[in-house]
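Asks: I'd like to ask you about the structure that follows.
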Number of protein chains: 4
Amino acid sequence: MDAEQKQVSVNNERAEAAAGFFPLDRFNAFSDGVFAIVITLLVLELPVPPSTEPILPALAESWPDFLGYLISFAFIGGIWISHAGLTRYMRRGDVVSFRLNLVLLLFVSLLPFSTHLMVAHMHGADASVAVAIYGLNLFMESALITALMHHAARDRHLVVDAVDDERVNRAYRQRRTYLILVALAIIVAFIAPLLAVGIYVALAVAFLIQPLIGMWRSH
Amino acid sequence: MDAEQKQVSVNNERAEAAAGFFPLDRFNAFSDGVFAIVITLLVLELPVPPSTEPILPALAESWPDFLGYLISFAFIGGIWISHAGLTRYMRRGDVVSFRLNLVLLLFVSLLPFSTHLMVAHMHGADASVAVAIYGLNLFMESALITALMHHAARDRHLVVDAVDDERVNRAYRQRRTYLILVALAIIVAFIAPLLAVGIYVALAVAFLIQPLIGMWRSH
Amino acid sequence: MDAEQKQVSVNNERAEAAAGFFPLDRFNAFSDGVFAIVITLLVLELPVPPSTEPILPALAESWPDFLGYLISFAFIGGIWISHAGLTRYMRRGDVVSFRLNLVLLLFVSLLPFSTHLMVAHMHGADASVAVAIYGLNLFMESALITALMHHAARDRHLVVDAVDDERVNRAYRQRRTYLILVALAIIVAFIAPLLAVGIYVALAVAFLIQPLIGMWRSH
Amino acid sequence: MDAEQKQVSVNNERAEAAAGFFPLDRFNAFSDGVFAIVITLLVLELPVPPSTEPILPALAESWPDFLGYLISFAFIGGIWISHAGLTRYMRRGDVVSFRLNLVLLLFVSLLPFSTHLMVAHMHGADASVAVAIYGLNLFMESALITALMHHAARDRHLVVDAVDDERVNRAYRQRRTYLILVALAIIVAFIAPLLAVGIYVALAVAFLIQPLIGMWRSH
């Protein structure tokens with residue numbers, strides 16, 4: 001940037017700030033930080049068998065921990081990709097989108113807790129409640145990213161350009177399907193908690209094996 | 001950037017550095033990292049009920065942990081938004097702003113400790129001290145971001161342009177109101193600690209529900 | 001950027017997103033976050049001798065912990081440099097590369113667990129299994145970064161330009177050599193686990209001392 | 001950027017990569033991440049007094065923990081500012097600078113361990129060793145950032161422009177003074193460990209109070 005361009009840019013920034021807008025760089029950096037930490041903290045919950053025990057049987061016995069790790073990793077990764085997909089279309093934020101994002105990150109940050117709770121109680125008397133709370137956490141995350149999409153799509157100042165309506169509608173349909181499946185899993189949790197876990201696994205696996213299918217197709 | 005522009009930019013950078021200025025990219029990245037980690041570490045304090053206990057009564061009993069989680073999340077998120085709001089107006093930093101920021105981040109990093117302390121002692125004999133220390137932590141955070149604002153606003157080299165004075169004054173008034181309310185809570189802590197906690201909750205809730213009101217208004 | 005350029009840039013971004021492409025900034029930021037956290041979490045496993053014990057003998061006795069710390073630090077650092085080296089050639093991502101990257105980060109995140117497992121069992125009856133699992137983790141990481149390279153190199157839309165074929169082939173040869181050495185260590189683990197650890201150490205040391213040799217040569 | 005500029009930029013990137021250069025964006029992002037995590041992990045070591053004990057005497061008794069927290073925070077913050085100050089002058093990295101940086105971050109990551117060690121043994125029989133190890137950690141950090149400065153300053157391809165020699169020499173002098181003071185503290189540790197701690201405190205305080213003096217002067 002030469003001096004004149006710099007001046008234009010500086011004036012733009014001032015006008016942006018005066019109008020109550022926030023640049024997205026810190027929105028993205030902070031969100032990426034929270035997603036990266038949450039997805040990495042999950043590993044702290046994995047139990048290392050004590051040195052006196054044979055490893056493979058001990059690991060096999062703690063399969064719920066590894067299952068919880070895998071599906072939570074997939075869900076956090078999935079929401080992160082949705083978040084990065086959304087901000088592609090945004091050119092700036094406002095106070096509302098910054099705060100909605102914080103509430104979204106609140107539920108993202110809770111996922112290691114919900115995972116630990118579900119894993120610890122999966123074979124206990126209170127499995128239904130634990131499995132339902134996990135589903136509720138997923139549901140809230142997804143509801144909040146949908147709210148963020150709504151807010152950005154409604155306010156034409158925030159998106160890069162008049163966004164293709166068909167594309168927006170397709171994204172809404174996908175989110176709605178996901179929300180319905182998670183809501184279904186929450187209900188199922190009270191009848192057959194392990195079946196509800198099966199729905200979570202199916203959603204997570206569908207997300208994790210897709211890259212391989214995608215690779216196959218694209219070559 | 002073509003070669004000529006690159007040269008201009010490179011010379012600018014050199015001149016900036018020679019004058020003792022620092023670019024803001026690392027200031028922002030480091031701050032975003034610390035805020036993101038602190039806000040996420042809070043979840044490690046949440047107690048998972050053991051698998052032999054029913055979940056909901058156990059969770060209900062540890063309500064101070066969840067309350068502490070929520071309000072600390074809101075306060076850290078709130079300071080982060082203030083920080084991002086401030087750096088919108090800044091175009092570079094200097095050694096003083098970098099060090100002031102470090103002292104600010106020192107108090108931000110202490111919040112998980114203060115939260116844990118308040119939560120553990122909320123029903124104990126020493127609740128007043130614990131609740132007051134939490135308030136003191138909030139107060140120091142806010143005082144330091146105010147000092148950072150002062151430093152940036154006074155030094156015309158650091159801000160994007162001669163900043164709108166009315167806007168600066170409004171920001172100062174907001175910070176002063178917040179500082180007074182937190183100082184009040186610290187005093188109240190020595191008379192009725194749970195009432196002081198109530199003030200923290202009110203401040204945090206006011207911050208957390210604002211996005212929903214904002215959404216309502218803007219559509 | 002002046003207004004016209006901004007318009008071009010905004011239109012580009014929209015076209016990019018419509019074609020299913022993702023900008024790399026968040027891909028890089030999220031990956032850097034995960035690498036940084038994983039490499040730093042390793043320190044939490046290092047045992048501090050209790051205050052009643054003499055320090056040096058206690059530290060000497062827990063040499064496997066420090067060895068594990070060093071080699072895992074070197075391996076994570078090495079994969080991070082490979083990752084940064086790869087994204088130099090990329091100009092954007094797609095859904096497949098984002099998901100492949102997530103699977104890569106899954107194995108990166110597991111390394112503190114595998115390290116802890118290997119360290120705890122290095123002198124136990126089940127050392128072979130522990131050392132082989134560590135090798136498997138390294139192998140999967142390397143296989144996934146190779147898959148990411150393959151995907152990027154095959155899809156001409158993702159790389160900065162028609163990349164120099166010789167350079168790509170050299171990178172593949174390096175990765176293949178590394179994969180063969182790690183596979184060898186996994187086999188050796190079942191015959192002589194400490195020898196397999198020796199191979200890991202050799203690979204890690206080769207990586208860590210290279211900068212010093214590089215410094216020597218370049219001056 | 002318009003299409004032509006983009007082409008130039010893309011070709012530049014390819015030429016950069018072909019010549020073995022790395023862009024600094026990921027170098028900075030990864031380093032900022034590690035610094036931010038290390039500085040924040042320190043808080044996990046602070047002991048929360050149990051709810052049955054009065055808070056202030058318990059906190060007063062664990063003063064070495066808080067002292068360790070403060071000085072390690074100041075040292076990590078100080079090295080981070082030096083690091084950000086150095087990369088101001090750099091326009092790209094190479095494999096050597098990336099690996100030297102990793103070795104630097106290895107010692108930065110060890111600081112929470114060294115801090116914990118020093119704090120736990122400060123009143124023990126082995127205080128000298130613990131205090132000396134802490135000093136050794138500080139020394140290695142500082143030696144490595146000096147090596148990184150040397151490497152960047154010697155290779156004219158890495159710095160933004162022929163850097164002002166006087167400025168480089170001043171930076172070297174500052175680092176040399178710091179290294180001598182830390183080496184002195186290591187020697188003192190074997191005679192009077194608490195005096196060595198005093199030197200660390202003096203260095204840290206000098207760093208922490210400087211912003212306030214700086215504020216005073218600049219207004």
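Labeling convention for the structure tokens: chains A, B, ... as they appear, residues from 1 per chain, ligands from 1 in order of appearance.
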Define the interface residues of chain B facing chain C as those within 10 Å, counting only C-alpha atoms, and report them as number ranges by chain.

Replies: B: 29, 33, 37

Asks: Go ahead and write the selection's residues with N, CA and C atoms as a PDB file, in the first residue's frame.

Replies:
ATOM      1  N   ALA B  29      -2.822 -10.965  17.785  1.00  0.00           N
ATOM      2  CA  ALA B  29      -2.790 -12.432  17.763  1.00  0.00           C
ATOM      3  C   ALA B  29      -2.491 -12.987  19.148  1.00  0.00           C
ATOM      4  N   GLY B  33      -5.064 -15.015  21.534  1.00  0.00           N
ATOM      5  CA  GLY B  33      -4.675 -16.326  22.051  1.00  0.00           C
ATOM      6  C   GLY B  33      -4.908 -16.419  23.545  1.00  0.00           C
ATOM      7  N   ILE B  37      -7.648 -18.845  25.398  1.00  0.00           N
ATOM      8  CA  ILE B  37      -7.230 -19.917  26.302  1.00  0.00           C
ATOM      9  C   ILE B  37      -7.878 -19.741  27.669  1.00  0.00           C
TER      10      ILE B  37
END

Asks: If you count only C-alpha atoms, which residues fall within 10 Å of Ala125 (chain C), apart from same-chain ones fewer than 6 positions away, as a list in words?

Replies: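 Once the nearby chain positions are removed, what remains is Ser51, Thr52, Glu53, Pro54 and Ile55 of chain A.
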
Asks: Give me the residues near Val43 (chain D) as an MDAnalysis selection string, where near means some atom within 12 Å (using only C-alpha atoms) and where sequence neighbours in that chain fewer than 2 positions away do not count.

Replies: (chainID B and resid 34 37:38 41:42 105:116) or (chainID D and resid 37:41 45:48 65:70 72:73 112 115:116)

Asks: To one decimal in Å, tell me the separation between CA of Ala143 (chain D) and CA of Thr177 (chain D).

Replies: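 Computed distance, CA of Ala143 (chain D) to CA of Thr177 (chain D), equals 11.7 Å.
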
Asks: Among region 39-139 of chain B, which ones does DSSP assign to helix (DSSP H, G or I) (computed from the backbone)? Answer as number ranges by chain.

Replies: B: 39-45, 55-61, 63-87, 95-121, 127-139

Asks: Taking the DSSP secondary structure from the backbone, can you list the residues of chain A that are strand (DSSP E), as a list of chain:residue names?

Replies: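 The strand (DSSP E) residues within chain A come out as A:Phe21, A:Phe22, A:Gly93, A:Asp94.
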
Asks: Any chance you could export the current selection's all heavy atoms as a short mmCIF file (atom, residue, chain, number, x, y, z; two decimals), in the first residue's frame?

Replies:
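Contents of the output file result-v3.cif:
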data_model
loop_
_atom_site.label_atom_id
_atom_site.label_comp_id
_atom_site.auth_asym_id
_atom_site.auth_seq_id
_atom_site.Cartn_x
_atom_site.Cartn_y
_atom_site.Cartn_z
N PHE A 21 -19.28 -0.86 13.25
CA PHE A 21 -18.85 -2.14 12.69
C PHE A 21 -17.51 -2.55 13.28
O PHE A 21 -16.70 -1.72 13.70
CB PHE A 21 -18.73 -2.06 11.16
CG PHE A 21 -20.07 -1.91 10.51
CD1 PHE A 21 -20.35 -0.83 9.67
CD2 PHE A 21 -21.07 -2.84 10.75
CE1 PHE A 21 -21.60 -0.69 9.09
CE2 PHE A 21 -22.32 -2.70 10.17
CZ PHE A 21 -22.58 -1.62 9.34
N PHE A 22 -17.28 -3.85 13.29
CA PHE A 22 -16.03 -4.43 13.77
C PHE A 22 -15.39 -5.19 12.62
O PHE A 22 -16.08 -5.90 11.90
CB PHE A 22 -16.29 -5.43 14.89
CG PHE A 22 -16.58 -4.84 16.23
CD1 PHE A 22 -17.83 -4.32 16.52
CD2 PHE A 22 -15.62 -4.84 17.22
CE1 PHE A 22 -18.11 -3.80 17.77
CE2 PHE A 22 -15.89 -4.33 18.47
CZ PHE A 22 -17.13 -3.80 18.76
N GLY A 93 -18.27 -7.46 11.03
CA GLY A 93 -19.19 -7.85 12.07
C GLY A 93 -19.77 -6.64 12.75
O GLY A 93 -19.35 -5.51 12.49
N ASP A 94 -20.74 -6.87 13.62
CA ASP A 94 -21.26 -5.79 14.47
C ASP A 94 -21.32 -6.34 15.89
O ASP A 94 -20.96 -7.50 16.14
CB ASP A 94 -22.63 -5.32 13.97
CG ASP A 94 -23.63 -6.45 13.92
OD1 ASP A 94 -23.25 -7.60 14.23
OD2 ASP A 94 -24.79 -6.20 13.57
#

Asks: Of the candidates A:Ile76, A:Leu44, A:Ile81, A:Ala60, which one gets nearest to Phe27 (chain C) if we count only C-alpha atoms?

Replies: A:Ile81

Asks: Choose the residue, out of B:Gln174, B:Ala120, B:Val159, B:Pro23, that has the smallest atom-to-atom separation from Leu86 (chain B); count only C-alpha atoms.

Replies: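 Closest residue, counting only C-alpha atoms: B:Val159.
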
Asks: Give me the residues near Tyr134 (chain C) as an NGL selection string, where near means some atom within 7 Å (using only C-alpha atoms) and where sequence neighbours in that chain fewer than 3 positions away do not count.

Replies: :C and (114-115 or 118 or 130-131 or 137-138)

Asks: CA of Ala204 (chain D) and CA of Asn101 (chain B), how far apart in Å?

Replies: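 These atoms are spaced 15.7 Å apart.
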